[in-house]
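Below is final.pdb, which holds PDB, C-alpha atoms.
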ATOM      1  CA  MET D 123     -17.246 -41.801 -10.368
ATOM      2  CA  THR D 124     -14.748 -41.720  -7.485
ATOM      3  CA  LYS D 125     -11.863 -41.868  -9.970
ATOM      4  CA  ASN D 126     -13.276 -38.912 -11.923
ATOM      5  CA  PHE D 127     -13.683 -36.890  -8.779
ATOM      6  CA  THR D 128     -10.106 -37.578  -7.669
ATOM      7  CA  ASN D 129      -8.894 -36.066 -10.942
ATOM      8  CA  PHE D 130     -10.503 -32.772 -10.013
ATOM      9  CA  VAL D 131      -9.082 -32.541  -6.474
ATOM     10  CA  PRO D 132      -5.982 -30.513  -7.464
ATOM     11  CA  LEU D 133      -8.145 -28.075  -9.433
ATOM     12  CA  ILE D 134     -10.546 -27.641  -6.520
ATOM     13  CA  VAL D 135      -7.705 -27.076  -4.056
ATOM     14  CA  PHE D 136      -6.153 -24.547  -6.458
ATOM     15  CA  LEU D 137      -9.409 -22.606  -6.889
ATOM     16  CA  ALA D 138     -10.010 -22.596  -3.134
ATOM     17  CA  LEU D 139      -6.544 -21.083  -2.629
ATOM     18  CA  VAL D 140      -7.190 -18.459  -5.315
ATOM     19  CA  ILE D 141     -10.439 -17.435  -3.634
ATOM     20  CA  ALA D 142      -8.847 -17.365  -0.160
ATOM     21  CA  PHE D 143      -5.906 -15.217  -1.304
ATOM     22  CA  ALA D 144      -8.132 -12.889  -3.345
ATOM     23  CA  ALA D 145     -10.452 -12.366  -0.376
ATOM     24  CA  LEU D 146      -7.479 -11.509   1.868
ATOM     25  CA  LEU D 147      -5.820  -9.246  -0.694
ATOM     26  CA  LEU D 148      -8.978  -7.345  -1.610
ATOM     27  CA  ARG D 149      -9.971  -6.531   1.983
ATOM     28  CA  PRO D 150     -10.215  -2.763   2.301
ATOM     29  CA  GLU D 151      -8.956  -2.563   5.912
ATOM     30  CA  LYS D 152      -5.311  -1.587   6.214
ATOM     31  CA  ALA D 153      -3.687  -2.716   9.454
ATOM     32  CA  GLU D 154      -0.434  -0.800   9.768
ATOM     33  CA  MET D 155      -1.770   2.532  11.079
ATOM     34  CA  ILE D 156      -4.356   1.162  13.514
ATOM     35  CA  SER D 157      -4.018   2.341  17.159
ATOM     36  CA  LYS D 158      -1.176   4.644  16.233
ATOM     37  CA  PRO D 159      -1.190   8.272  17.332
ATOM     38  CA  LEU D 160      -2.291  10.683  14.629
ATOM     39  CA  PRO D 161       0.607  11.383  12.266
ATOM     40  CA  ALA D 162       1.969  14.862  11.685
ATOM     41  CA  LEU D 163      -0.333  17.189   9.805
ATOM     42  CA  SER D 164       0.592  20.723   8.901
ATOM     43  CA  LEU D 165      -1.294  21.731   5.789
ATOM     44  CA  GLU D 166      -2.723  24.926   4.494
ATOM     45  CA  GLY D 167      -6.236  24.841   5.981
ATOM     46  CA  LEU D 168      -5.763  21.878   8.315
ATOM     47  CA  LYS D 169      -3.336  21.278  11.199
ATOM     48  CA  ALA D 170      -2.972  18.327  13.566
ATOM     49  CA  GLU D 171      -4.594  20.262  16.426
ATOM     50  CA  ASP D 172      -7.721  20.871  14.293
ATOM     51  CA  LEU D 173      -8.557  17.153  14.270
ATOM     52  CA  LYS D 174     -11.155  16.524  16.958
ATOM     53  CA  GLY D 175     -12.351  12.930  17.144
ATOM     54  CA  PRO D 176     -14.370  10.883  16.920
ATOM     55  CA  ALA D 177     -14.363  11.827  13.276
ATOM     56  CA  VAL D 178     -13.538  10.683   9.773
ATOM     57  CA  VAL D 179     -10.441  11.826   7.895
ATOM     58  CA  ASN D 180     -10.887  11.458   4.138
ATOM     59  CA  PHE D 181      -8.161  11.874   1.510
ATOM     60  CA  PHE D 182      -9.616  12.871  -1.864
ATOM     61  CA  ALA D 183      -8.863  14.740  -5.077
ATOM     62  CA  SER D 184     -10.982  16.372  -7.737
ATOM     63  CA  TRP D 185      -9.098  14.396 -10.401
ATOM     64  CA  CYS D 186      -9.889  11.080  -8.714
ATOM     65  CA  THR D 187     -12.891   9.269 -10.185
ATOM     66  CA  PRO D 188     -13.543   6.807  -7.327
ATOM     67  CA  CYS D 189     -13.643   9.821  -4.993
ATOM     68  CA  ARG D 190     -16.662  11.053  -6.921
ATOM     69  CA  ALA D 191     -18.299   7.669  -6.441
ATOM     70  CA  GLU D 192     -18.065   7.816  -2.634
ATOM     71  CA  HIS D 193     -18.854  11.539  -2.357
ATOM     72  CA  SER D 194     -22.613  11.146  -1.849
ATOM     73  CA  LEU D 195     -21.885   8.744   1.037
ATOM     74  CA  LEU D 196     -19.682  11.364   2.691
ATOM     75  CA  ILE D 197     -22.463  13.921   2.364
ATOM     76  CA  GLU D 198     -24.862  11.468   3.995
ATOM     77  CA  LEU D 199     -22.337  10.879   6.767
ATOM     78  CA  ALA D 200     -22.009  14.617   7.356
ATOM     79  CA  GLU D 201     -25.801  14.885   7.532
ATOM     80  CA  ASN D 202     -25.632  12.294  10.333
ATOM     81  CA  ASP D 203     -23.447  14.763  12.289
ATOM     82  CA  VAL D 204     -20.170  12.916  11.743
ATOM     83  CA  PRO D 205     -17.347  15.448  11.383
ATOM     84  CA  ILE D 206     -15.298  14.760   8.251
ATOM     85  CA  TYR D 207     -11.886  16.320   7.730
ATOM     86  CA  GLY D 208     -10.928  16.423   4.077
ATOM     87  CA  ILE D 209      -7.404  16.324   2.721
ATOM     88  CA  ALA D 210      -7.131  17.225  -0.959
ATOM     89  CA  TYR D 211      -4.181  15.282  -2.385
ATOM     90  CA  LYS D 212      -2.172  17.076  -5.090
ATOM     91  CA  ASP D 213      -5.120  19.124  -6.199
ATOM     92  CA  LYS D 214      -5.339  22.607  -7.643
ATOM     93  CA  LYS D 215      -7.311  24.974  -5.453
ATOM     94  CA  ALA D 216      -9.647  26.079  -8.256
ATOM     95  CA  ASP D 217     -10.346  22.467  -9.301
ATOM     96  CA  MET D 218     -11.097  21.439  -5.725
ATOM     97  CA  LYS D 219     -13.424  24.412  -5.260
ATOM     98  CA  ARG D 220     -15.352  23.575  -8.414
ATOM     99  CA  TYR D 221     -15.544  19.896  -7.397
ATOM    100  CA  LEU D 222     -17.120  20.786  -4.041
ATOM    101  CA  GLU D 223     -19.461  23.327  -5.623
ATOM    102  CA  ASP D 224     -20.679  20.680  -8.070
ATOM    103  CA  LEU D 225     -21.040  17.777  -5.650
ATOM    104  CA  GLY D 226     -21.565  19.490  -2.300
ATOM    105  CA  ASN D 227     -19.155  19.961   0.592
ATOM    106  CA  PRO D 228     -19.318  17.365   3.394
ATOM    107  CA  TYR D 229     -16.092  18.543   5.042
ATOM    108  CA  THR D 230     -15.794  20.272   8.403
ATOM    109  CA  LYS D 231     -12.364  21.520   7.377
ATOM    110  CA  ILE D 232     -10.160  20.941   4.357
ATOM    111  CA  GLY D 233      -6.379  20.798   4.083
ATOM    112  CA  ALA D 234      -4.418  20.976   0.843
ATOM    113  CA  ASP D 235      -1.702  18.304   0.589
ATOM    114  CA  ILE D 236       0.051  19.871  -2.366
ATOM    115  CA  LYS D 237       3.453  18.241  -1.813
ATOM    116  CA  GLY D 238       2.004  14.832  -0.951
ATOM    117  CA  ARG D 239       3.742  14.701   2.433
ATOM    118  CA  ALA D 240       0.586  14.031   4.470
ATOM    119  CA  PHE D 241      -0.130  11.185   2.056
ATOM    120  CA  ILE D 242       3.122   9.463   3.108
ATOM    121  CA  ASP D 243       2.876  10.436   6.780
ATOM    122  CA  TRP D 244      -0.518   8.773   6.956
ATOM    123  CA  GLY D 245       0.645   5.642   5.092
ATOM    124  CA  LEU D 246      -1.517   5.993   1.991
ATOM    125  CA  THR D 247      -1.070   4.121  -1.255
ATOM    126  CA  GLY D 248      -3.761   5.928  -3.248
ATOM    127  CA  VAL D 249      -6.873   8.088  -3.126
ATOM    128  CA  PRO D 250      -9.482   7.829  -1.823
ATOM    129  CA  GLU D 251      -8.565   6.484   1.598
ATOM    130  CA  SER D 252     -10.395   7.156   4.839
ATOM    131  CA  PHE D 253      -9.631   6.944   8.548
ATOM    132  CA  VAL D 254     -11.726   6.887  11.691
ATOM    133  CA  ILE D 255      -9.994   8.752  14.523
ATOM    134  CA  ASP D 256     -10.981   8.702  18.187
ATOM    135  CA  GLY D 257     -11.132  11.476  20.784
ATOM    136  CA  GLU D 258      -7.706  10.530  22.215
ATOM    137  CA  GLY D 259      -5.785  11.304  19.060
ATOM    138  CA  ARG D 260      -5.477   7.779  17.694
ATOM    139  CA  ILE D 261      -6.336   6.093  14.416
ATOM    140  CA  ARG D 262      -8.958   3.391  14.898
ATOM    141  CA  TYR D 263      -9.738   2.350  11.344
ATOM    142  CA  HIS D 264      -7.996   2.754   7.991
ATOM    143  CA  HIS D 265      -9.938   2.094   4.810
ATOM    144  CA  GLY D 266      -8.031   1.733   1.539
ATOM    145  CA  GLY D 267      -9.982   2.632  -1.572
ATOM    146  CA  VAL D 268     -13.516   3.695  -2.263
ATOM    147  CA  LEU D 269     -16.134   3.526   0.504
ATOM    148  CA  LEU D 270     -19.242   1.468  -0.208
ATOM    149  CA  PRO D 271     -22.638   1.883   1.487
ATOM    150  CA  GLU D 272     -22.028  -1.280   3.549
ATOM    151  CA  ASP D 273     -18.670   0.048   4.795
ATOM    152  CA  ILE D 274     -20.459   3.106   6.183
ATOM    153  CA  LYS D 275     -23.295   1.067   7.641
ATOM    154  CA  HIS D 276     -21.347  -1.853   9.128
ATOM    155  CA  THR D 277     -17.980  -0.294   9.977
ATOM    156  CA  ILE D 278     -17.736   3.503  10.022
ATOM    157  CA  LEU D 279     -21.016   4.457  11.709
ATOM    158  CA  PRO D 280     -20.938   1.751  14.430
ATOM    159  CA  LEU D 281     -17.322   2.637  15.241
ATOM    160  CA  ILE D 282     -18.073   6.385  15.437
ATOM    161  CA  LYS D 283     -21.057   5.584  17.654
ATOM    162  CA  GLU D 284     -18.945   3.436  19.975
ATOM    163  CA  LEU D 285     -16.222   6.083  20.186
ATOM    164  CA  SER D 286     -18.787   8.814  20.952
ATOM    165  CA  LYS D 287     -19.962   7.063  24.121
TER     166      LYS D 287
ATOM    167  CA  MET F 168      21.169 -28.919 -34.620
ATOM    168  CA  THR F 169      17.626 -30.216 -34.474
ATOM    169  CA  THR F 170      14.650 -27.953 -33.897
ATOM    170  CA  ALA F 171      14.179 -29.461 -30.443
ATOM    171  CA  SER F 172      17.709 -28.603 -29.333
ATOM    172  CA  HIS F 173      17.201 -25.094 -30.711
ATOM    173  CA  ILE F 174      14.175 -24.683 -28.486
ATOM    174  CA  VAL F 175      16.020 -26.064 -25.470
ATOM    175  CA  ALA F 176      18.917 -23.666 -26.105
ATOM    176  CA  LEU F 177      16.491 -20.750 -26.358
ATOM    177  CA  LEU F 178      14.742 -21.691 -23.132
ATOM    178  CA  VAL F 179      18.024 -22.094 -21.260
ATOM    179  CA  GLY F 180      19.131 -18.708 -22.607
ATOM    180  CA  ALA F 181      15.901 -17.073 -21.483
ATOM    181  CA  MET F 182      16.288 -18.633 -18.041
ATOM    182  CA  LEU F 183      19.850 -17.363 -17.719
ATOM    183  CA  LEU F 184      18.637 -13.849 -18.583
ATOM    184  CA  CYS F 185      16.566 -13.939 -15.401
ATOM    185  CA  PHE F 186      19.777 -13.960 -13.382
ATOM    186  CA  LEU F 187      21.100 -10.746 -14.898
ATOM    187  CA  PRO F 188      20.894  -7.770 -12.597
ATOM    188  CA  SER F 189      17.898  -5.591 -13.357
ATOM    189  CA  LEU F 190      18.569  -3.335 -16.315
ATOM    190  CA  THR F 191      16.074  -0.638 -15.364
ATOM    191  CA  HIS F 192      17.796   2.654 -14.857
ATOM    192  CA  ALA F 193      17.424   4.892 -11.838
ATOM    193  CA  PHE F 194      14.833   7.614 -12.075
ATOM    194  CA  VAL F 195      16.537   9.986  -9.670
ATOM    195  CA  ASN F 196      16.233  13.361 -11.378
ATOM    196  CA  PRO F 197      19.081  15.866 -11.236
ATOM    197  CA  ASP F 198      16.900  18.312  -9.283
ATOM    198  CA  GLU F 199      16.404  15.728  -6.523
ATOM    199  CA  GLN F 200      20.077  14.981  -5.934
ATOM    200  CA  LEU F 201      21.874  16.298  -2.903
ATOM    201  CA  SER F 202      25.059  18.305  -3.350
ATOM    202  CA  ASN F 203      26.689  16.378  -0.494
ATOM    203  CA  PRO F 204      27.946  13.156  -2.154
ATOM    204  CA  VAL F 205      28.017  11.182   1.119
ATOM    205  CA  LEU F 206      24.374  11.954   1.897
ATOM    206  CA  GLU F 207      23.363  11.338  -1.730
ATOM    207  CA  GLN F 208      25.057   7.907  -1.605
ATOM    208  CA  ARG F 209      23.204   7.093   1.634
ATOM    209  CA  ALA F 210      19.947   8.190   0.002
ATOM    210  CA  ARG F 211      20.669   5.816  -2.907
ATOM    211  CA  ASP F 212      21.498   2.972  -0.521
ATOM    212  CA  ILE F 213      18.213   3.398   1.340
ATOM    213  CA  SER F 214      16.148   3.842  -1.835
ATOM    214  CA  LYS F 215      17.466   0.580  -3.281
ATOM    215  CA  ASP F 216      15.793  -1.356  -0.462
ATOM    216  CA  ILE F 217      12.471   0.523  -0.470
ATOM    217  CA  ARG F 218       9.628  -0.847  -2.550
ATOM    218  CA  CYS F 219       7.475   1.690  -4.323
ATOM    219  CA  PRO F 220       4.092   1.244  -2.575
ATOM    220  CA  VAL F 221       2.048   1.663  -5.757
ATOM    221  CA  CYS F 222       4.097  -0.208  -8.346
ATOM    222  CA  GLY F 223       4.560  -3.746  -7.004
ATOM    223  CA  GLY F 224       8.041  -5.062  -7.734
ATOM    224  CA  GLN F 225       9.907  -1.803  -8.360
ATOM    225  CA  THR F 226      12.135   0.079  -5.954
ATOM    226  CA  ILE F 227      11.479   3.776  -5.439
ATOM    227  CA  GLU F 228      14.852   4.259  -7.133
ATOM    228  CA  GLY F 229      13.624   2.590 -10.313
ATOM    229  CA  SER F 230      10.128   4.030 -10.494
ATOM    230  CA  ASN F 231       8.967   7.311 -11.957
ATOM    231  CA  ALA F 232       5.669   7.176 -10.043
ATOM    232  CA  ASP F 233       4.712  10.336  -8.179
ATOM    233  CA  VAL F 234       4.781   8.625  -4.788
ATOM    234  CA  ALA F 235       8.211   7.150  -5.489
ATOM    235  CA  ARG F 236       9.575  10.612  -6.221
ATOM    236  CA  ASP F 237       7.975  11.993  -3.057
ATOM    237  CA  LEU F 238       9.559   9.190  -1.035
ATOM    238  CA  ARG F 239      12.987   9.876  -2.542
ATOM    239  CA  LEU F 240      12.630  13.550  -1.623
ATOM    240  CA  LEU F 241      11.457  12.672   1.887
ATOM    241  CA  ILE F 242      14.456  10.383   2.460
ATOM    242  CA  ARG F 243      16.820  13.191   1.406
ATOM    243  CA  GLU F 244      15.051  15.719   3.613
ATOM    244  CA  ARG F 245      15.427  13.444   6.622
ATOM    245  CA  LEU F 246      19.103  12.769   5.870
ATOM    246  CA  ILE F 247      19.755  16.502   5.858
ATOM    247  CA  GLU F 248      17.937  16.768   9.189
ATOM    248  CA  GLY F 249      20.425  14.233  10.546
ATOM    249  CA  ASP F 250      18.373  11.032  10.687
ATOM    250  CA  THR F 251      20.241   7.721  10.547
ATOM    251  CA  ASN F 252      19.451   5.205   7.785
ATOM    252  CA  GLU F 253      17.703   3.008  10.361
ATOM    253  CA  GLU F 254      15.510   5.857  11.583
ATOM    254  CA  ILE F 255      14.342   6.566   8.033
ATOM    255  CA  ILE F 256      13.633   2.899   7.308
ATOM    256  CA  ASP F 257      11.769   2.546  10.629
ATOM    257  CA  TYR F 258       9.684   5.618   9.763
ATOM    258  CA  LEU F 259       8.608   4.001   6.495
ATOM    259  CA  ARG F 260       8.018   0.578   8.076
ATOM    260  CA  ALA F 261       5.774   2.150  10.720
ATOM    261  CA  ARG F 262       3.526   3.450   7.937
ATOM    262  CA  TYR F 263       3.664   0.807   5.241
ATOM    263  CA  GLY F 264       4.767  -2.284   7.150
ATOM    264  CA  ASP F 265       7.443  -4.776   6.082
ATOM    265  CA  GLU F 266       5.881  -4.692   2.628
ATOM    266  CA  ILE F 267       7.805  -1.480   1.962
ATOM    267  CA  LEU F 268      11.117  -3.400   2.164
ATOM    268  CA  MET F 269      12.464  -5.154  -0.926
ATOM    269  CA  ASN F 270      13.974  -7.766   1.421
ATOM    270  CA  PRO F 271      11.419  -8.326   4.172
ATOM    271  CA  PRO F 272      12.867  -9.848   7.350
ATOM    272  CA  MET F 273      12.202 -13.498   8.204
ATOM    273  CA  LEU F 274      10.007 -13.371  11.297
ATOM    274  CA  ARG F 275       8.469 -16.138  13.331
ATOM    275  CA  SER F 276       5.075 -15.188  11.913
ATOM    276  CA  THR F 277       6.312 -15.447   8.328
ATOM    277  CA  THR F 278       8.419 -18.626   8.613
ATOM    278  CA  LEU F 279       5.754 -20.661   6.847
ATOM    279  CA  LEU F 280       5.744 -18.147   4.006
ATOM    280  CA  TRP F 281       9.484 -18.534   3.508
ATOM    281  CA  LEU F 282       9.554 -22.319   3.845
ATOM    282  CA  GLY F 283       6.193 -22.913   2.138
ATOM    283  CA  PRO F 284       7.510 -23.296  -1.418
ATOM    284  CA  PHE F 285      10.032 -25.943  -0.316
ATOM    285  CA  LEU F 286       7.374 -27.822   1.661
ATOM    286  CA  VAL F 287       4.977 -27.768  -1.317
ATOM    287  CA  PHE F 288       7.800 -28.911  -3.585
ATOM    288  CA  MET F 289       8.615 -31.842  -1.290
ATOM    289  CA  LEU F 290       4.950 -32.769  -0.931
ATOM    290  CA  GLY F 291       4.463 -32.623  -4.709
ATOM    291  CA  GLY F 292       7.619 -34.688  -5.236
ATOM    292  CA  THR F 293       6.447 -37.327  -2.788
ATOM    293  CA  ILE F 294       3.043 -37.597  -4.470
ATOM    294  CA  ALA F 295       4.569 -37.684  -7.947
ATOM    295  CA  GLY F 296       7.093 -40.324  -6.821
ATOM    296  CA  HIS F 297       4.281 -42.420  -5.386
ATOM    297  CA  PHE F 298       2.385 -42.413  -8.688
ATOM    298  CA  ILE F 299       5.474 -43.063 -10.797
ATOM    299  CA  ARG F 300       6.420 -46.075  -8.645
ATOM    300  CA  LYS F 301       2.859 -47.355  -8.863
ATOM    301  CA  ALA F 302       2.857 -46.994 -12.652
ATOM    302  CA  GLN F 303       6.150 -48.904 -12.950
ATOM    303  CA  LYS F 304       4.821 -51.927 -11.093
TER     304      LYS F 304
END

Since I need it in another form, could you write the structure as structure tokens?
Amino acid sequence: MTKNFTNFVPLIVFLALVIAFAALLLRPEKAEMISKPLPALSLEGLKAEDLKGPAVVNFFASWCTPCRAEHSLLIELAENDVPIYGIAYKDKKADMKRYLEDLGNPYTKIGADIKGRAFIDWGLTGVPESFVIDGEGRIRYHHGGVLLPEDIKHTILPLIKELSK
Amino acid sequence: MTTASHIVALLVGAMLLCFLPSLTHAFVNPDEQLSNPVLEQRARDISKDIRCPVCGGQTIEGSNADVARDLRLLIRERLIEGDTNEEIIDYLRARYGDEILMNPPMLRSTTLLWLGPFLVFMLGGTIAGHFIRKAQK
């Protein structure tokens, strides 16, 4: 019995490492931009001075499928009086308009990042990505990838609430 | 030659191939290049050390991803504006972290990461040696 178990120790250690690494790698929080002042933003429709926190900044695109998946959550967030600034990444104006007509428009203001410069300035690696910004012009949370209901409930809303005090 | 030595020769050959410099060609399009050869060379030098943030092991020089192209253009724009190489690299590190560098620096916080493989190798060797000696008895 003991002998048999010993044989499996390397396998168990290996699997534990796989799970630990996967959990760390798949975390949606991105650390690099946290506490940094808001990066430059000079887009058609949205400038840096338009951003009034506490609020959410959401990068999206009409061609991006996961963006569709989180869209209803953004609408819910907007209904809870959280301002959301949208940045449409490499999107055609007509496509973006149709997308928002079909799914609803949760955005307080929308900027068009046609050249993809805001994408780099804000340290993105894909769409969708979302930020929580505070009233002092700083980034407080950076979420890589699609938002899930629990992200809104356990992270975004409590943080907005705390920053609104 | 026996089949076994054929296989060994093949494996050794395949292993040696790993040491060849990467054969992927640069994706810098003619419309991106700067007319000033000195600045263009500096842009190439920087790009060689910048990892494309969406394609894993490729440099932005060797990737045709959209973001890689945008980064190449951004580097050239900043060079024209008079930024030094260090300023451009610091700009990218501030946004993407050390991950953006093809050769991340060895920091105190990452020492274990750099030495880890050797430690695991030594530990494995010690354990293997222990069992081999035991088996020989």

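Among the candidates D:Leu163, D:Cys186, D:Met155, D:Met218, the residue lying nearest to chain F is D:Met155 (atoms considered: all atoms listed in the file).
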
Which residues, named as in the file, does the PyMOL selection byres ((chain D) within 12 of (chain F)) pick out? Answer as a ChimeraX atom specification. /D:132,152-161,211-212,236-249,264

The PyMOL selection byres ((chain D and resi 170-177) around 12) on the file shown: which residues, as an MDAnalysis selection string? chainID D and resid 159:169 178:180 196 199:200 202:209 229:233 240 243:244 252:263 278:287

Evaluate the PyMOL selection byres ((chain F and resi 199-208) around 8) and record the selected residues as a ChimeraX atom specification, following the chain and residue labels used in the document. /F:195-198,209-212,239-240,243,246-247

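The space between atom CA of D:Glu201 and atom CA of D:Val268 spans 19.3 Å.
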
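Between atom CA of F:Thr278 and atom CA of D:Val140 there is a distance of 20.9 Å.
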
If you take every atom of stretch 296-304 of chain F that the file lists and fit an axis-aligned box around them with 3 Å extra on each side, what centre and edge lengths come out in Å to one decimal, as AutoDock Vina command-line options?
--center_x 4.7 --center_y -46.1 --center_z -9.2 --size_x 10.7 --size_y 17.6 --size_z 13.6

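Separating atom CA of D:Phe181 from atom CA of F:Asp216 is a distance of 27.4 Å.
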